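**Student:** Structure in structure tokens, see below.
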Amino acid sequence: MNNKLLTGAGLVFALVLVVAVNMLGSVTFTSARLDLTERKAYTLADGTLQILEKLDEPVTIRLFLSEEIAARTASVTTFANRVRDMLDEFQRHSDGMLRVIIIDPEPFSEEEDRAVGYGLHGIPLDAEGANFYFGLVGTNSTDDEVIVPFLSMEREAFLEYDLAKVLWQLSDIDTKVVGIMSSLPINGIDPQRAMMMGNQAPPAWVVADQIAQLFELRNVGVASTAIPDDIDVLMVVHPKTLTDATLYAIDQYVMRGGRLVLMVDPLSEAEQPDPRNPMAVSRESRFPTLPEAWGFAIDTTKFVGDLQHAMRIRFEHQGQIVAMDFPAWMDLPQGRLADNDTVTSELGKLVFATPGSIRSLGVKGITVTPLVETSDQAMLVDTTALGPGKDPQDVARNYVPGGEVLTVAARVSGRFKSAFPDGPPAQEGQERKAAEEARAAHLSEAKETANMVVVADVDFMEDRFWVQTQNLLGSRLSVPTAGNGSFVINALDSMTGSNDLISVRSRGRYARPFTRVDDIRREAELKFREKEQQLTEELNATEAKLAELSQGTPGGSDALVLSDAGQAEIERFREQKLKIRKELRDVLHKRRKNLEDLEFDLRLFNIGLMPVLIVLAGIAVAAWQVQRRRRSMPA
């Protein structure tokens, strides 16, 4: 009885001690932080801390959260707590410059009217008129407002960036100007032009919206003969028909110290050909003369394929849905990105579609630093391999690893030489005085060491390759599936010299694939694809021979009458055809069966092994305790 009483008292004491320690810790150690997550998910990024340090005026963030409604769903409660915790961290590091107010807009209350007045979106939940609010409003001392109508759980991975962006927009920071020169409708088609075309104007690409949130986005015409000096960064995207005068304007802009982000493409997926004449438009970028003068080259006659990082796609071919690893569309993980550059550090992954390759020309004083690279199994494919009438499967069937790492994006720096050493090109109708002034202002070399970011792809900016969009209460909600948009913004931030938001934006990890599993599956598919191709060729040859033996003029006196030997030959080829088709079905079945077996083994290993190990460990511990008691008992 004494032992039982002592044990019970000990348990009660332990319970009280645990509760007391937790209560004491919650009060005493409120400022203590220990983040043990793999990628420091609960530690503020350096960029966020710098933004908080630069706050030189009070900022208030009002979080409108329907507490009672949020408490009904565990997932919403968890996300709401994460938002509150993140705002608390912001406030703790703001040195008193940030104030956070949490407001519960109960139905039909003044707080709800206030939320509606700010323009927050309430989601209706029932017929009684109750709305769920979960948005925030940021204000500064000059009454500037930044409104986030609704905090979506789908953007939880980008919560810190979204909150840091609110502070950035409220800070007294000069807005940089980004000029964009492109033959693609990145900003959407002008509504008047769309009306003339009989189409509804498409929305701007998501990446253009993101640029416009952080920079002043200004269009620069593809026929411009001068680049204004107030443009901090010039984006040249998919140049097609630039005249010598426009090329010279870009050249001199760089010579004057202007920053350039250049994106060219050997085979643009974003540029859709005219369906009435699909061969009328060439889908390659044209940017002659300048790259070679600046120390690098981009081959626009070949695109890069990388089977090791190929995307899994589905498409219709000859009336059937085909699934395959398409080498021309690449899903490049963080390991292929430069970790030591702020543009690509910790982006997670990037998706590219039929990109080109960038190579250094070895010009003295020019440095070409890779930002994004392929594996050493990549190869260059002629652009004629894809297009109308081409089978995308041929790219995989004819795949031969090149054994060389190829560069898809790079940073180029140095004292660039002008691509026009003899001065400005002659312009038709230019007055003599203007021509003399242009020659006098000509720069044959950059004033100082300059930087530019070059990407051998433009499709990676198109929405379908990196972001999912949906309409939420009249607002377009964008959920990134890859870091492509972040790459573009990071490049612009880097070119303007503002890196505060880079580390914030780059914290998302979008996928953690089973790379070993993918390698096994890819090797299996390559092995079976070789046999499949061999059998397909044999089947085609057999069918051709069978058609040759069977051809003739049916009916009448001119009908082809085959001898017994000919009939026997036809029958033999028919049997051979059936045999080959059976072997081909067996190969496809074995390939599918092998992949299914691999998937089953992995599930069994991951799901079943751990419980088994725990049970075995429990049995082992129990057996050890039994043996210990037996040994301790007196003989």
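Letters A, B, ... mark the chains of the structure tokens in the order given; residue numbers begin at 1 per chain; ligand numbers begin at 1, in order shown.
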Need to verify the contact set: Thr369 (chain A), 10 Å, only C-alpha atoms, exclusion of same-chain residues closer than 2 positions in sequence. Can you return it as a PyMOL selection string?
**Tutor:** chain A and resi 338+341+359-360+366-367+371-372+407+409-413+453
**Student:** I'd like to know which residues of region 81-235 of chain A are alpha helix (DSSP H) (by DSSP, run on the backbone); could you write them as number ranges by chain?
**Tutor:** A: 81-92, 110-118, 159-170, 191-197, 206-214
**Student:** From the list A:Thr225, A:Ser282, A:Ser109, A:Ser357, which residue is nearest Thr374 (chain A) when using only C-alpha atoms?
**Tutor:**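 Distance minimum relative to Thr374 (chain A) lands on A:Ser357.
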**Student:** Determine, counting only C-alpha atoms, which protein, DNA and RNA residues have an atom within 7 Å of an atom of Ala482 (chain A); residues of the same chain fewer than 6 positions away are not included. Present the result as a list in words.
**Tutor:**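 Here the answer would be Lys349, Leu350, Val351, Trp466, Val467 and Tyr510 of chain A.
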**Student:** With only C-alpha atoms as the atoms that count, which of A:Val59, A:Tyr118, A:Val207, A:Asp113 lies nearest to Asp95 (chain A)?
**Tutor:**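 Of all the options, A:Val59 lies closest to Asp95 (chain A).
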**Student:** So what do you get for CA of Asn398 (chain A) versus CA of Trp329 (chain A), distance-wise?
**Tutor:**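 The value is 15.6 Å.
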**Student:** Identify which of the residues A:Glu373, A:Asp306, A:Asp457, A:Asp331 lies closest to Arg283 (chain A), counting only C-alpha atoms when measuring atom-to-atom distances.
**Tutor:**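 Ranking A:Glu373, A:Asp306, A:Asp457, A:Asp331 by distance to Arg283 (chain A), first place goes to A:Asp457.
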**Student:** Let me make sure I understand: among A:Leu616, A:Asp463, A:His442, A:Glu156, which one has the smallest atom-to-atom distance to Pro203 (chain A) if we use only C-alpha atoms?
**Tutor:**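 Using only C-alpha atoms, the shortest distance to Pro203 (chain A) belongs to A:Asp463.
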**Student:** Would you mind writing down, as a PyMOL selection string, each residue of region 303-487 of chain A that DSSP on the backbone assigns to strand (DSSP E or B)?
**Tutor:** chain A and resi 303-305+310-317+320-333+337+349-353+358-360+366-373+379-382+407-414+417+445+450-455+467-472+475-480
**Student:** Can you tell me which residues surround Val83 (chain A) at a distance of at most 12 Å, considering only C-alpha atoms, apart from same-chain residues fewer than 4 positions away, and format the answer as a PyMOL selection string?
**Tutor:** chain A and resi 42+63-65+76-79+87-90+100+102+134-136+151-153+155-163
**Student:** Which one of A:Gln567, A:Asn131, A:Ser66, A:Gln427 sits closest to Thr246 (chain A) if you count only C-alpha atoms?
**Tutor:**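 The closest residue to Thr246 (chain A) is A:Gln427.
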**Student:** If we count only C-alpha atoms, what is near Thr469 (chain A) at a cut-off of 7 Å, once residues fewer than 3 positions away on the same chain are taken out, given as a list in words?
**Tutor:**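 Counting only the stated atoms, we get Arg476, Leu477, Ser478 and Val479 of chain A.
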**Student:** Return the single residue from A:Pro327, A:Pro149, A:Pro58, A:Gly47 that is closest to Gly122 (chain A), with distances computed using only C-alpha atoms.
**Tutor:** A:Pro149
**Student:** What separation in Å, quoted to one decimal, exists between CA of Leu290 (chain A) and CA of Phe487 (chain A)?
**Tutor:**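 Separation of CA of Leu290 (chain A) and CA of Phe487 (chain A): 23.7 Å.
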**Student:** As a PyMOL selection string, please: the residues near Val304 (chain A) (cut-off 12 Å, only C-alpha atoms, same-chain neighbours under 5 positions excluded).
**Tutor:** chain A and resi 265-267+298-299+309-310+326-330+352-358+373-383+385+395+399-402+404-408+456-457
**Student:** Limited to C-alpha atoms, could you put the picked residues into a file as a tab-separated table (two decimals), in the first residue's frame?
**Tutor:**
```tsv
chain	number	residue	atom	x	y	z
A	265	ASP	CA	14.88	31.82	-76.71
A	266	PRO	CA	15.72	29.38	-79.53
A	267	LEU	CA	12.14	28.05	-79.66
A	298	ILE	CA	23.70	32.01	-77.31
A	299	ASP	CA	22.96	29.41	-79.98
A	309	HIS	CA	15.59	16.53	-65.10
A	310	ALA	CA	12.84	16.01	-67.66
A	326	PHE	CA	9.99	15.22	-71.97
A	327	PRO	CA	13.68	16.28	-72.01
A	328	ALA	CA	12.92	19.68	-73.60
A	329	TRP	CA	10.91	20.77	-70.53
A	330	MET	CA	13.18	20.70	-67.51
A	352	PHE	CA	12.39	25.81	-68.24
A	353	ALA	CA	10.88	24.95	-71.63
A	354	THR	CA	13.10	24.42	-74.71
A	355	PRO	CA	15.81	26.77	-73.39
A	356	GLY	CA	19.04	27.59	-75.19
A	357	SER	CA	22.57	27.47	-73.84
A	358	ILE	CA	24.98	30.26	-72.94
A	373	GLU	CA	23.01	24.71	-65.19
A	374	THR	CA	21.87	21.34	-66.49
A	375	SER	CA	23.26	17.95	-65.56
A	376	ASP	CA	26.21	16.51	-67.47
A	377	GLN	CA	23.75	14.27	-69.32
A	378	ALA	CA	22.19	17.17	-71.25
A	379	MET	CA	22.28	17.43	-75.03
A	380	LEU	CA	21.63	20.05	-77.70
A	381	VAL	CA	18.72	19.37	-80.05
A	382	ASP	CA	18.06	21.09	-83.36
A	383	THR	CA	14.99	23.31	-83.14
A	385	ALA	CA	12.93	18.49	-84.04
A	395	VAL	CA	13.21	13.84	-78.72
A	399	TYR	CA	18.25	11.17	-76.91
A	400	VAL	CA	22.02	10.81	-76.59
A	401	PRO	CA	23.65	12.25	-73.44
A	402	GLY	CA	26.13	14.95	-74.36
A	404	GLU	CA	28.66	18.24	-70.76
A	405	VAL	CA	27.05	20.64	-68.29
A	406	LEU	CA	25.24	23.41	-70.16
A	407	THR	CA	24.45	26.90	-68.86
A	408	VAL	CA	20.85	28.08	-69.12
A	456	ALA	CA	18.40	31.57	-72.64
A	457	ASP	CA	14.65	31.10	-72.23
```
**Student:** Listing only residues of region 263-356 of chain A within 10 Å of region 164-184 of chain A, what is the closest atom pair and its distance in Å (to one decimal) for each, using only C-alpha atoms, sorted by chain and residue number ascending, as JSON lines?
**Tutor:**
```
{"residue": "A:Met263", "atom": "CA", "partner": "A:Ser182", "partner_atom": "CA", "distance": 9.5}
{"residue": "A:Ser268", "atom": "CA", "partner": "A:Leu184", "partner_atom": "CA", "distance": 9.9}
{"residue": "A:Ala270", "atom": "CA", "partner": "A:Leu184", "partner_atom": "CA", "distance": 7.7}
{"residue": "A:Glu271", "atom": "CA", "partner": "A:Leu184", "partner_atom": "CA", "distance": 6.9}
{"residue": "A:Gln272", "atom": "CA", "partner": "A:Leu184", "partner_atom": "CA", "distance": 9.8}
{"residue": "A:Ser285", "atom": "CA", "partner": "A:Ser183", "partner_atom": "CA", "distance": 9.4}
```
